[in-house]
Amino acid sequence: MLPCVQPQLKRAAEPHLGDDVLKVSFTAEDLLKVTVADTPAPLMELVLALMTLQRRDNRHVFGGWRRRTARGLPVQAEPLLQLLSPTGIGPLFLDPPSAGLDDGLSQVLATDRAVVGAELRRICAVDRPRTAWIRQLAAQDRHAWHILEHAVREAHRHILAVEWPRLQVAFHAEAAWRAHFLARHGLERTFTSLSAGLRWRDMSLEIDSPGVDREVTLRGEGVVLLPSLFWTGRVLVAPQPAGPALVIYPALTPLPLHDADTVGDPLAALLGSTRADTLRALTKPHTTTELARTLHVSVPAASMQARTLRDARLITTHRDGKAVLHWCTPLGVGLIAAPTTEPMNHRGVVAGR
């Protein structure tokens, strides 16, 4: 059995800010083939959840989830932390396109030896320690690969299995909203609305990416927008060996903020019922105290809801004398009015990074 790597959960920090930029250059053919994934990808979400587990950002959203998940993480799942960085870097063979766990794992275990070696060298050159187990994986040691398979299954059981039905509801609400936004506002606003630190210049998307300063040129295969309910970091771009490239971005509302039951209210399915009520209330300006009174919650709770919506650029906050006023941005108003009752079916690849 490998030594416990639990201390990584305490030491790992999010990357610091810098001037590094990931530039994604599109062809005209790519711009004609931008779609939204129509189903979540289990291996992708598992990998991103394990990366988020090691981060320190968004504590008011993910703090409790991180504590619970780290406390109960099976020892057998911990080897995966050697492969996955809180910065979003990991071996590309670990989350191939798949609709389920078993078919995805079959693809992982069948990865070409040369691809495995190249990917492990790449992640170790960035920030992953070249442990004995990683060396064994590169050498195609059968026991090392058995440990990898067992680690993926145990991590999936602990992190995703119970949450999958709730995650699917949240994913479909996000995908429907994003497809509606794409149809209404076009490519530039859609891309730049995915997260902070994105700019559209000519035929390129520029992403502020500390530690990553390079250019990716797409090949005309198109792009699939893939939201993650667990990822909190920068937008990730993953060209595929065949088929559209993936643009992976944090969903508007991460999974810990979703309620268990939002049936009948599409806005609540996207934001969670409390945040949906908050956003609707803020179609008129409210102070934090007024918002707390309207929602029947404490002032600190109202402040947290406002901060979450402000981080998503759905509301804005300004000081007016001694008062602090919150109200909807145009994006927030558009979200309230959007028809998010059914997910739009935009076919494309649904996993892989």
# chains A, B, ... in the order shown; residues from 1 in each chain; ligands from 1
call {"tool": "residues_around", "arguments": {"residues": "A:Arg313", "least_positions_apart": "6", "cutoff": "12 Å", "atoms": "only C-alpha atoms", "output": "list in words"}}
result
Thr192, Ser193, Leu194, Ser195, Ala196, Leu252, Thr253, Leu279, Ala306, Arg307, His326, Trp327, Cys328, Thr329, Pro330, Leu331, Gly332, Val333, Gly334 and Leu335 of chain A
call {"tool": "select_by_dssp", "arguments": {"residues": "stretch 97-344 of chain A", "states": "strand (DSSP E)", "output": "ChimeraX atom specification"}}
result
/A:198-201,204-208,214-217,223-228,236-238,245-250,286-287,315-320,323-328
call {"tool": "residues_around", "arguments": {"residues": "stretch 123-125 of chain A", "least_positions_apart": "6", "cutoff": "7 Å", "atoms": "only C-alpha atoms", "output": "PyMOL selection string"}}
result
chain A and resi 89-91
call {"tool": "write_last_selection", "arguments": {"atoms": "N, CA and C atoms", "output": "PDB file, in the first residue's frame"}}
result
ATOM      1  N   ILE A  89      -3.908  20.773 -13.532  1.00  0.00           N
ATOM      2  CA  ILE A  89      -3.029  19.956 -14.365  1.00  0.00           C
ATOM      3  C   ILE A  89      -3.124  18.501 -13.921  1.00  0.00           C
ATOM      4  N   GLY A  90      -3.305  17.618 -14.886  1.00  0.00           N
ATOM      5  CA  GLY A  90      -3.367  16.188 -14.621  1.00  0.00           C
ATOM      6  C   GLY A  90      -3.146  15.435 -15.915  1.00  0.00           C
ATOM      7  N   PRO A  91      -2.904  14.137 -15.845  1.00  0.00           N
ATOM      8  CA  PRO A  91      -2.673  13.359 -17.069  1.00  0.00           C
ATOM      9  C   PRO A  91      -3.941  13.261 -17.906  1.00  0.00           C
TER      10      PRO A  91
END
call {"tool": "select_by_dssp", "arguments": {"residues": "stretch 140-307 of chain A", "states": "helix (DSSP H, G or I)", "output": "count of residues only"}}
result
83
call {"tool": "residues_around", "arguments": {"residues": "A:Val21", "least_positions_apart": "4", "cutoff": "8 Å", "atoms": "only C-alpha atoms", "output": "number ranges by chain"}}
result
A: 206-210, 212-214
call {"tool": "closest_residue", "arguments": {"among": "A:Ala245, A:Leu270, A:Ala41, A:Ile134", "to": "A:Ile147", "atoms": "only C-alpha atoms"}}
result
A:Ile134
call {"tool": "atom_distance", "arguments": {"atom1": "atom CA of A:His258", "atom2": "atom CA of A:Gln76"}}
result
28.5 Å
call {"tool": "closest_residue", "arguments": {"among": "A:Arg157, A:Gln82, A:His143, A:Leu73", "to": "A:Leu120", "atoms": "only C-alpha atoms"}}
result
A:Gln82
call {"tool": "closest_residue", "arguments": {"among": "A:Pro241, A:Pro227, A:Pro254, A:Gly88", "to": "A:Pro40", "atoms": "only C-alpha atoms"}}
result
A:Pro227
call {"tool": "residues_around", "arguments": {"residues": "A:Val24", "least_positions_apart": "4", "cutoff": "10 Å", "atoms": "only C-alpha atoms", "output": "list of chain:residue names"}}
result
A:Trp200, A:Met203, A:Ser204, A:Leu205, A:Glu206, A:Ile207, A:Arg214, A:Glu215, A:Val216, A:Thr217, A:Leu218, A:Val237
call {"tool": "write_last_selection", "arguments": {"atoms": "all heavy atoms", "output": "mmCIF file, in the first residue's frame"}}
result
data_model
loop_
_atom_site.group_PDB
_atom_site.id
_atom_site.type_symbol
_atom_site.label_atom_id
_atom_site.label_comp_id
_atom_site.auth_asym_id
_atom_site.auth_seq_id
_atom_site.Cartn_x
_atom_site.Cartn_y
_atom_site.Cartn_z
ATOM 1 N N TRP A 200 -11.831 38.257 -25.612
ATOM 2 C CA TRP A 200 -11.906 37.831 -27.009
ATOM 3 C C TRP A 200 -11.193 38.868 -27.861
ATOM 4 O O TRP A 200 -11.542 40.038 -27.840
ATOM 5 C CB TRP A 200 -13.363 37.682 -27.437
ATOM 6 C CG TRP A 200 -13.490 37.110 -28.815
ATOM 7 C CD1 TRP A 200 -13.657 37.798 -29.974
ATOM 8 C CD2 TRP A 200 -13.440 35.733 -29.173
ATOM 9 N NE1 TRP A 200 -13.717 36.928 -31.038
ATOM 10 C CE2 TRP A 200 -13.585 35.647 -30.573
ATOM 11 C CE3 TRP A 200 -13.286 34.542 -28.447
ATOM 12 C CZ2 TRP A 200 -13.576 34.437 -31.255
ATOM 13 C CZ3 TRP A 200 -13.270 33.339 -29.133
ATOM 14 C CH2 TRP A 200 -13.424 33.300 -30.515
ATOM 15 N N MET A 203 -9.753 36.460 -33.527
ATOM 16 C CA MET A 203 -10.231 35.067 -33.601
ATOM 17 C C MET A 203 -9.671 34.229 -32.461
ATOM 18 O O MET A 203 -9.543 33.011 -32.577
ATOM 19 C CB MET A 203 -9.809 34.445 -34.940
ATOM 20 C CG MET A 203 -10.415 35.104 -36.158
ATOM 21 S SD MET A 203 -12.074 34.499 -36.512
ATOM 22 C CE MET A 203 -11.683 32.908 -37.249
ATOM 23 N N SER A 204 -9.337 34.889 -31.354
ATOM 24 C CA SER A 204 -8.701 34.169 -30.258
ATOM 25 C C SER A 204 -9.370 34.465 -28.924
ATOM 26 O O SER A 204 -9.851 35.577 -28.681
ATOM 27 C CB SER A 204 -7.215 34.543 -30.162
ATOM 28 O OG SER A 204 -6.520 34.176 -31.336
ATOM 29 N N LEU A 205 -9.381 33.459 -28.061
ATOM 30 C CA LEU A 205 -9.825 33.597 -26.685
ATOM 31 C C LEU A 205 -8.596 33.613 -25.798
ATOM 32 O O LEU A 205 -7.771 32.685 -25.853
ATOM 33 C CB LEU A 205 -10.739 32.427 -26.291
ATOM 34 C CG LEU A 205 -11.296 32.440 -24.863
ATOM 35 C CD1 LEU A 205 -12.260 33.612 -24.673
ATOM 36 C CD2 LEU A 205 -11.983 31.117 -24.543
ATOM 37 N N GLU A 206 -8.441 34.681 -25.006
ATOM 38 C CA GLU A 206 -7.312 34.795 -24.091
ATOM 39 C C GLU A 206 -7.796 34.538 -22.673
ATOM 40 O O GLU A 206 -8.769 35.141 -22.218
ATOM 41 C CB GLU A 206 -6.668 36.172 -24.191
ATOM 42 C CG GLU A 206 -6.061 36.435 -25.562
ATOM 43 C CD GLU A 206 -5.399 37.804 -25.648
ATOM 44 O OE1 GLU A 206 -5.541 38.593 -24.691
ATOM 45 O OE2 GLU A 206 -4.768 38.095 -26.688
ATOM 46 N N ILE A 207 -7.094 33.646 -21.969
ATOM 47 C CA ILE A 207 -7.482 33.225 -20.624
ATOM 48 C C ILE A 207 -6.320 33.500 -19.682
ATOM 49 O O ILE A 207 -5.206 32.994 -19.891
ATOM 50 C CB ILE A 207 -7.822 31.729 -20.587
ATOM 51 C CG1 ILE A 207 -8.880 31.383 -21.646
ATOM 52 C CG2 ILE A 207 -8.291 31.309 -19.199
ATOM 53 C CD1 ILE A 207 -9.063 29.889 -21.852
ATOM 54 N N ARG A 214 1.027 29.931 -23.102
ATOM 55 C CA ARG A 214 1.215 29.252 -24.386
ATOM 56 C C ARG A 214 0.009 29.486 -25.281
ATOM 57 O O ARG A 214 -0.971 30.106 -24.865
ATOM 58 C CB ARG A 214 1.431 27.752 -24.186
ATOM 59 C CG ARG A 214 0.241 26.997 -23.613
ATOM 60 C CD ARG A 214 0.624 25.569 -23.260
ATOM 61 N NE ARG A 214 -0.491 24.816 -22.723
ATOM 62 C CZ ARG A 214 -1.287 24.026 -23.439
ATOM 63 N NH1 ARG A 214 -1.090 23.919 -24.739
ATOM 64 N NH2 ARG A 214 -2.276 23.363 -22.877
ATOM 65 N N GLU A 215 0.092 29.003 -26.501
ATOM 66 C CA GLU A 215 -0.992 29.162 -27.461
ATOM 67 C C GLU A 215 -1.455 27.797 -27.942
ATOM 68 O O GLU A 215 -0.648 26.899 -28.191
ATOM 69 C CB GLU A 215 -0.534 29.999 -28.661
ATOM 70 C CG GLU A 215 -1.628 30.237 -29.690
ATOM 71 C CD GLU A 215 -1.211 31.205 -30.780
ATOM 72 O OE1 GLU A 215 -0.085 31.751 -30.694
ATOM 73 O OE2 GLU A 215 -2.011 31.413 -31.718
ATOM 74 N N VAL A 216 -2.763 27.644 -28.022
ATOM 75 C CA VAL A 216 -3.374 26.432 -28.572
ATOM 76 C C VAL A 216 -4.099 26.835 -29.850
ATOM 77 O O VAL A 216 -4.934 27.744 -29.827
ATOM 78 C CB VAL A 216 -4.365 25.797 -27.573
ATOM 79 C CG1 VAL A 216 -5.121 24.647 -28.241
ATOM 80 C CG2 VAL A 216 -3.640 25.313 -26.321
ATOM 81 N N THR A 217 -3.784 26.177 -30.954
ATOM 82 C CA THR A 217 -4.447 26.462 -32.218
ATOM 83 C C THR A 217 -5.393 25.321 -32.544
ATOM 84 O O THR A 217 -4.973 24.165 -32.662
ATOM 85 C CB THR A 217 -3.415 26.621 -33.350
ATOM 86 O OG1 THR A 217 -2.513 27.701 -33.015
ATOM 87 C CG2 THR A 217 -4.103 26.944 -34.667
ATOM 88 N N LEU A 218 -6.686 25.644 -32.651
ATOM 89 C CA LEU A 218 -7.680 24.630 -32.953
ATOM 90 C C LEU A 218 -7.628 24.257 -34.435
ATOM 91 O O LEU A 218 -7.075 24.982 -35.249
ATOM 92 C CB LEU A 218 -9.071 25.133 -32.557
ATOM 93 C CG LEU A 218 -9.221 25.524 -31.074
ATOM 94 C CD1 LEU A 218 -10.656 25.928 -30.761
ATOM 95 C CD2 LEU A 218 -8.780 24.387 -30.153
ATOM 96 N N VAL A 237 -8.809 24.310 -21.236
ATOM 97 C CA VAL A 237 -9.012 23.994 -22.650
ATOM 98 C C VAL A 237 -8.314 22.682 -22.952
ATOM 99 O O VAL A 237 -7.143 22.496 -22.606
ATOM 100 C CB VAL A 237 -8.453 25.107 -23.556
ATOM 101 C CG1 VAL A 237 -8.633 24.739 -25.028
ATOM 102 C CG2 VAL A 237 -9.150 26.430 -23.255
#
call {"tool": "residues_around", "arguments": {"residues": "A:Arg219", "least_positions_apart": "4", "cutoff": "9 Å", "atoms": "only C-alpha atoms", "output": "MDAnalysis selection string"}}
result
chainID A and resid 26:27 29:30 239 244:245
call {"tool": "closest_atom_pairs", "arguments": {"of": "stretch 237-301 of chain A", "to": "stretch 32-37 of chain A", "cutoff": "12 Å", "atoms": "only C-alpha atoms", "output": "tab-separated table"}}
result
residue	atom	partner	partner_atom	distance
A:Gly243	CA	A:Lys33	CA	10.8
A:Pro244	CA	A:Lys33	CA	8.3
A:Ala245	CA	A:Val34	CA	9.6
A:Leu246	CA	A:Ala37	CA	9.2
A:Val247	CA	A:Val36	CA	9.6
A:Ile248	CA	A:Ala37	CA	10.1
A:Tyr249	CA	A:Val36	CA	11.4
call {"tool": "write_last_selection", "arguments": {"atoms": "all heavy atoms", "output": "mmCIF file, in the first residue's frame"}}
result
data_model
loop_
_atom_site.group_PDB
_atom_site.id
_atom_site.type_symbol
_atom_site.label_atom_id
_atom_site.label_comp_id
_atom_site.auth_asym_id
_atom_site.auth_seq_id
_atom_site.Cartn_x
_atom_site.Cartn_y
_atom_site.Cartn_z
ATOM 1 N N GLY A 243 -12.038 14.985 -32.915
ATOM 2 C CA GLY A 243 -13.278 15.610 -32.492
ATOM 3 C C GLY A 243 -13.065 16.982 -31.891
ATOM 4 O O GLY A 243 -11.937 17.498 -31.824
ATOM 5 N N PRO A 244 -14.153 17.602 -31.427
ATOM 6 C CA PRO A 244 -14.093 18.980 -30.919
ATOM 7 C C PRO A 244 -13.211 19.115 -29.681
ATOM 8 O O PRO A 244 -13.084 18.186 -28.880
ATOM 9 C CB PRO A 244 -15.554 19.291 -30.581
ATOM 10 C CG PRO A 244 -16.366 18.280 -31.322
ATOM 11 C CD PRO A 244 -15.520 17.062 -31.415
ATOM 12 N N ALA A 245 -12.618 20.299 -29.528
ATOM 13 C CA ALA A 245 -11.898 20.612 -28.303
ATOM 14 C C ALA A 245 -12.907 20.890 -27.190
ATOM 15 O O ALA A 245 -14.044 21.289 -27.445
ATOM 16 C CB ALA A 245 -11.017 21.842 -28.521
ATOM 17 N N LEU A 246 -12.487 20.669 -25.956
ATOM 18 C CA LEU A 246 -13.339 20.939 -24.801
ATOM 19 C C LEU A 246 -12.912 22.233 -24.126
ATOM 20 O O LEU A 246 -11.721 22.475 -23.935
ATOM 21 C CB LEU A 246 -13.248 19.800 -23.783
ATOM 22 C CG LEU A 246 -13.726 18.432 -24.244
ATOM 23 C CD1 LEU A 246 -13.457 17.395 -23.171
ATOM 24 C CD2 LEU A 246 -15.203 18.467 -24.597
ATOM 25 N N VAL A 247 -13.886 23.060 -23.794
ATOM 26 C CA VAL A 247 -13.650 24.229 -22.954
ATOM 27 C C VAL A 247 -14.410 23.969 -21.649
ATOM 28 O O VAL A 247 -15.639 23.954 -21.632
ATOM 29 C CB VAL A 247 -14.135 25.526 -23.626
ATOM 30 C CG1 VAL A 247 -14.049 26.703 -22.656
ATOM 31 C CG2 VAL A 247 -13.301 25.808 -24.874
ATOM 32 N N ILE A 248 -13.664 23.707 -20.580
ATOM 33 C CA ILE A 248 -14.241 23.311 -19.294
ATOM 34 C C ILE A 248 -14.277 24.532 -18.395
ATOM 35 O O ILE A 248 -13.243 25.189 -18.200
ATOM 36 C CB ILE A 248 -13.420 22.185 -18.657
ATOM 37 C CG1 ILE A 248 -13.353 20.982 -19.597
ATOM 38 C CG2 ILE A 248 -13.997 21.776 -17.312
ATOM 39 C CD1 ILE A 248 -11.971 20.458 -19.821
ATOM 40 N N TYR A 249 -15.450 24.847 -17.847
ATOM 41 C CA TYR A 249 -15.583 26.062 -17.058
ATOM 42 C C TYR A 249 -16.416 25.787 -15.803
ATOM 43 O O TYR A 249 -17.206 24.849 -15.772
ATOM 44 C CB TYR A 249 -16.244 27.160 -17.903
ATOM 45 C CG TYR A 249 -17.689 26.877 -18.249
ATOM 46 C CD1 TYR A 249 -18.731 27.377 -17.463
ATOM 47 C CD2 TYR A 249 -18.020 26.092 -19.364
ATOM 48 C CE1 TYR A 249 -20.054 27.110 -17.774
ATOM 49 C CE2 TYR A 249 -19.341 25.827 -19.677
ATOM 50 C CZ TYR A 249 -20.354 26.336 -18.888
ATOM 51 O OH TYR A 249 -21.667 26.054 -19.181
#
call {"tool": "atom_distance", "arguments": {"atom1": "atom CA of A:Arg280", "atom2": "atom CA of A:Trp177"}}
result
16.3 Å
call {"tool": "closest_residue", "arguments": {"among": "A:Leu291, A:Ala269, A:Ala170, A:Leu92", "to": "A:Phe230", "atoms": "only C-alpha atoms"}}
result
A:Ala170
call {"tool": "atom_distance", "arguments": {"atom1": "atom CA of A:Leu50", "atom2": "atom CA of A:Asp19"}}
result
26.3 Å
call {"tool": "residues_around", "arguments": {"residues": "stretch 111-117 of chain A", "least_positions_apart": "6", "cutoff": "8 Å", "atoms": "only C-alpha atoms", "output": "compact mmCIF listing (two decimals) with N, CA and C atoms, in the first residue's frame"}}
result
# COMPACT_ATOMS: atom_id res chain seq x y z
N PRO A 91 -2.90 14.14 -15.85
CA PRO A 91 -2.67 13.36 -17.07
C PRO A 91 -3.94 13.26 -17.91
N PHE A 93 -4.90 11.13 -19.98
CA PHE A 93 -5.49 9.81 -20.15
C PHE A 93 -6.41 9.42 -19.00
N LEU A 137 3.78 3.28 -12.79
CA LEU A 137 2.75 3.45 -13.81
C LEU A 137 3.38 3.61 -15.19
N ALA A 138 4.41 4.44 -15.26
CA ALA A 138 5.09 4.69 -16.54
C ALA A 138 5.72 3.40 -17.09
N ALA A 139 6.15 2.54 -16.18
CA ALA A 139 6.77 1.28 -16.59
C ALA A 139 5.75 0.18 -16.85
N GLN A 140 4.44 0.52 -16.78
CA GLN A 140 3.36 -0.43 -17.02
C GLN A 140 3.35 -1.58 -16.02
